file model.txt (compact mmCIF, C-alpha atoms)
# COMPACT_ATOMS: atom_id res chain seq x y z
CA ARG A 1035 152.54 102.12 91.56
CA SER A 1036 149.57 100.72 93.40
CA ARG A 1037 150.64 97.10 93.76
CA SER A 1038 152.22 95.92 96.97
CA LYS A 1039 155.97 95.58 96.84
CA SER A 1040 156.11 92.73 99.31
CA LYS A 1041 154.04 90.48 97.04
CA ARG A 1042 156.51 90.61 94.19
CA ILE A 1043 158.96 87.73 93.96
CA SER A 1044 162.61 88.58 93.48
CA GLY A 1045 164.20 87.48 90.22
CA PHE A 1046 167.15 86.13 92.19
CA ASP A 1047 167.59 82.37 92.05
CA MET A 1048 165.05 82.08 89.28
CA ALA A 1049 166.59 79.15 87.42
CA PRO A 1050 166.40 78.75 83.66
CA PRO A 1051 163.16 77.05 82.59
CA ALA A 1052 164.41 73.48 82.24
CA SER A 1053 160.79 72.30 82.40
CA ALA A 1054 160.01 74.44 79.34
CA LEU A 1055 162.72 72.60 77.42
CA LEU A 1056 161.35 69.24 78.53
CA SER A 1057 157.74 70.07 77.69
CA GLY A 1058 158.92 71.41 74.32
CA ALA A 1059 160.67 68.11 73.59
CA ALA A 1060 157.55 66.20 74.67
CA ALA A 1061 155.39 68.25 72.30
CA VAL A 1062 157.73 67.44 69.41
CA THR A 1063 157.66 63.74 70.30
CA GLY A 1064 153.87 63.88 70.42
CA GLN A 1065 153.73 65.29 66.92
CA ILE A 1066 155.97 62.55 65.59
CA ALA A 1067 153.92 59.86 67.35
CA GLY A 1068 150.73 61.32 65.87
CA ALA A 1069 152.19 61.26 62.36
CA THR A 1070 153.47 57.67 62.52
CA PRO A 1071 150.08 55.84 62.24
CA THR A 1072 149.30 57.60 58.94
CA LEU A 1073 152.35 55.99 57.31
CA CYS B 1178 185.57 100.69 73.77
CA SER B 1179 187.20 97.41 72.88
CA ARG B 1180 190.04 97.55 75.35
CA LEU B 1181 190.69 94.65 77.62
CA HIS B 1182 190.43 96.17 81.03
CA THR B 1183 192.33 94.46 83.78
CA LYS B 1184 190.25 92.79 86.43
CA PRO B 1185 191.59 93.53 89.88
CA THR B 1186 191.99 90.67 92.32
CA ILE B 1187 190.19 92.65 94.99
CA SER B 1188 188.05 95.77 94.78
CA PRO B 1189 185.07 97.26 96.60
CA THR B 1190 183.28 97.37 93.25
CA LEU B 1191 181.64 94.44 91.50
CA LEU B 1192 180.58 94.20 87.89
CA LEU B 1193 177.53 92.09 87.03
CA SER B 1194 177.78 91.67 83.28
CA ASN B 1195 174.72 92.19 81.06
CA MET B 1196 172.35 91.61 83.93
CA TYR B 1197 169.66 94.17 83.21
CA GLN B 1198 167.49 93.51 80.18
CA ARG B 1199 165.08 96.21 79.09
CA PRO B 1200 161.65 94.83 78.22
CA ASP B 1201 161.83 96.49 74.81
CA MET B 1202 165.17 94.78 74.17
CA LEU B 1203 163.50 91.40 74.52
CA THR B 1204 160.78 92.15 71.98
CA PRO B 1205 161.45 91.39 68.31
CA ALA B 1206 161.79 94.55 66.24
CA PRO B 1207 158.59 94.11 64.14
CA ALA B 1208 156.55 94.02 67.34
CA LEU B 1209 157.88 97.36 68.56
CA ASN B 1210 154.51 99.01 68.69
CA PRO B 1211 153.37 100.53 72.01
CA GLN B 1212 149.71 100.08 71.05
CA THR B 1213 149.93 96.31 70.71
CA GLN B 1214 152.74 95.73 73.20
CA PRO B 1215 151.82 96.96 76.68
CA ASN B 1216 155.31 95.82 77.74
CA LEU B 1217 156.70 98.78 75.82
CA ASP B 1218 154.70 101.38 77.70
CA PRO B 1219 157.28 103.78 79.17
CA ARG B 1220 155.57 103.41 82.55
CA HIS B 1221 155.92 99.64 82.37
CA ILE B 1222 159.59 99.95 81.45
CA GLN B 1223 160.12 102.29 84.39
CA ASP B 1224 158.32 99.89 86.77
CA HIS B 1225 160.32 96.98 85.40
CA PHE B 1226 163.54 98.90 85.98
CA GLU B 1227 162.53 99.85 89.52
CA ASP B 1228 161.67 96.23 90.32
CA PHE B 1229 165.05 95.16 89.03
CA TYR B 1230 166.81 97.87 91.04
CA GLN B 1231 164.87 96.88 94.16
CA ASP B 1232 165.73 93.19 93.70
CA LEU B 1233 169.39 94.01 93.34
CA PHE B 1234 169.47 96.44 96.22
CA ASP B 1235 167.72 94.00 98.58
CA GLU B 1236 169.98 91.11 97.62
CA LEU B 1237 173.24 93.02 97.62
CA SER B 1238 172.50 94.77 100.90
CA LYS B 1239 172.66 91.36 102.58
CA TYR B 1240 176.41 91.32 102.01
CA GLY B 1241 177.29 94.79 103.23
CA HIS B 1242 176.63 98.49 103.01
CA LEU B 1243 176.28 99.68 99.42
CA GLU B 1244 178.13 102.82 98.45
CA SER B 1245 176.53 103.00 95.02
CA LEU B 1246 174.53 100.91 92.59
CA ASN B 1247 174.69 101.76 88.89
CA ILE B 1248 172.75 100.06 86.14
CA CYS B 1249 173.63 100.68 82.50
CA ASP B 1250 170.42 101.24 80.58
CA ASN B 1251 172.11 101.69 77.22
CA LEU B 1252 170.84 100.07 74.07
CA ALA B 1253 174.20 99.63 72.38
CA ASP B 1254 175.89 96.25 72.63
CA HIS B 1255 178.76 97.63 74.62
CA MET B 1256 178.27 97.13 78.35
CA VAL B 1257 174.56 96.74 77.81
CA GLY B 1258 172.76 96.07 81.06
CA ASN B 1259 175.95 96.02 83.07
CA VAL B 1260 175.47 96.58 86.76
CA TYR B 1261 178.16 98.19 88.86
CA VAL B 1262 177.85 97.91 92.59
CA GLN B 1263 180.26 99.54 94.95
CA PHE B 1264 180.45 98.33 98.54
CA ARG B 1265 181.88 100.34 101.36
CA GLU B 1266 184.22 97.47 102.24
CA GLU B 1267 186.26 95.29 99.89
CA GLU B 1268 185.54 92.25 102.08
CA HIS B 1269 181.82 92.74 101.60
CA ALA B 1270 182.29 92.90 97.84
CA ALA B 1271 184.34 89.70 98.00
CA ASN B 1272 181.62 88.04 100.07
CA ALA B 1273 178.93 89.13 97.60
CA LEU B 1274 181.01 87.84 94.70
CA ARG B 1275 181.38 84.43 96.36
CA ASN B 1276 177.67 84.30 97.07
CA LEU B 1277 176.42 85.46 93.69
CA ASN B 1278 178.71 83.33 91.54
CA GLY B 1279 176.88 80.47 89.85
CA ARG B 1280 173.43 81.77 90.79
CA PHE B 1281 170.67 82.86 88.43
CA TYR B 1282 168.59 85.98 87.98
CA SER B 1283 165.37 85.62 86.00
CA GLY B 1284 166.61 82.44 84.38
CA ARG B 1285 169.96 83.89 83.35
CA PRO B 1286 173.29 83.14 85.00
CA ILE B 1287 174.85 85.95 87.01
CA ILE B 1288 178.29 86.86 85.73
CA VAL B 1289 180.15 88.64 88.48
CA ASP B 1290 183.69 90.05 88.64
CA PHE B 1291 185.59 92.69 90.49
CA SER B 1292 185.68 96.01 88.69
CA PRO B 1293 188.42 98.65 88.94
CA VAL B 1294 185.83 101.45 89.00
CA THR B 1295 185.65 103.30 92.28
CA ASP B 1296 184.51 106.72 91.11
CA PHE B 1297 181.60 106.59 88.69
CA ARG B 1298 181.91 110.21 87.67
CA GLU B 1299 185.36 109.33 86.37
CA ALA B 1300 184.35 105.94 85.02
CA THR B 1301 184.50 106.67 81.33
CA CYS B 1302 187.10 104.77 79.40
CA ARG B 1303 189.89 107.02 78.12

call {"tool": "encode", "arguments": {"input": "model.txt", "output": "structure tokens"}}
result
Amino acid sequence: RSRSKSKRISGFDMAPPASALLSGAAAVTGQIAGATPTL
Amino acid sequence: CSRLHTKPTISPTLLLSNMYQRPDMLTPAPALNPQTQPNLDPRHIQDHFEDFYQDLFDELSKYGHLESLNICDNLADHMVGNVYVQFREEEHAANALRNLNGRFYSGRPIIVDFSPVTDFREATCR
């Protein structure tokens, strides 16, 4: 173990990735929007 | 064991359900290849475990003196990743329970309860 312990961030209070859910939804919306003009 | 163990209303010992997740538990089975998955290197798993233990110890020590800290590293479904922490004082355990409830660890909610276990050598279910 060479890395410094103090640099590591504790996993406590690491909330669930709500932003990941949002960006995922945005990506899906983007795909739909891209497909619409071809219709 | 499938028994419903009674949860005491007060105890020096807390149970944090399914809190520890082994890195190799999070990897889909077809990817279980140490050559392609550095996460599965035994040294990495050991480091990961020590980080987890350190996180827990640091956080829990804020609430009182720890008598013992046990992490289940079993792979079976039963009690997998359960963490048992015994405080010297019941009040400290109660304080930790109040403080940990509703918080998150690594994006997962912390499930905390009192546990009847006070002697881990005798802690097998009979």

call {"tool": "closest_atom_pairs", "arguments": {"input": "model.txt", "of": "chain B", "to": "chain A", "cutoff": "10 Å", "atoms": "all atoms listed in the file", "output": "CSV"}}
result
residue,atom,partner,partner_atom,distance
B:Arg1220,CA,A:Arg1035,CA,9.6
B:Asp1224,CA,A:Arg1035,CA,7.8
B:Asp1228,CA,A:Ser1044,CA,8.3
B:Phe1229,CA,A:Gly1045,CA,7.8
B:Gln1231,CA,A:Ser1044,CA,8.6
B:Asp1232,CA,A:Ser1044,CA,5.6
B:Leu1233,CA,A:Phe1046,CA,8.3
B:Asp1235,CA,A:Ser1044,CA,9.0
B:Glu1236,CA,A:Phe1046,CA,7.9
B:Leu1277,CA,A:Phe1046,CA,9.4
B:Gly1279,CA,A:Asp1047,CA,9.7
B:Arg1280,CA,A:Asp1047,CA,6.0
B:Phe1281,CA,A:Asp1047,CA,4.8
B:Tyr1282,CA,A:Phe1046,CA,4.5
B:Ser1283,CA,A:Gly1045,CA,4.8
B:Gly1284,CA,A:Pro1050,CA,3.8
B:Arg1285,CA,A:Pro1050,CA,6.3
B:Pro1286,CA,A:Ala1049,CA,8.2
B:Ile1287,CA,A:Phe1046,CA,9.3

call {"tool": "atom_distance", "arguments": {"input": "model.txt", "atom1": "CA of Pro1200 (chain B)", "atom2": "CA of Pro1219 (chain B)"}}
result
10.0 Å

call {"tool": "closest_residue", "arguments": {"input": "model.txt", "among": "B:Leu1191, B:Met1202, B:Asn1276, B:Phe1291", "to": "Asn1247 (chain B)", "atoms": "only C-alpha atoms"}}
result
B:Leu1191

call {"tool": "residues_around", "arguments": {"input": "model.txt", "residues": "region 1183-1186 of chain B", "least_positions_apart": "6", "cutoff": "8 Å", "atoms": "all atoms listed in the file", "output": "PDB file with C-alpha atoms, in the coordinates of the input"}}
result
ATOM      1  CA  ASP B1290     183.690  90.050  88.640  1.00  0.00           C
ATOM      2  CA  PHE B1291     185.590  92.690  90.490  1.00  0.00           C
ATOM      3  CA  SER B1292     185.680  96.010  88.690  1.00  0.00           C
ATOM      4  CA  PRO B1293     188.420  98.650  88.940  1.00  0.00           C
TER       5      PRO B1293
END

call {"tool": "atom_distance", "arguments": {"input": "model.txt", "atom1": "CA of Asp1218 (chain B)", "atom2": "CA of Gly1258 (chain B)"}}
result
19.1 Å
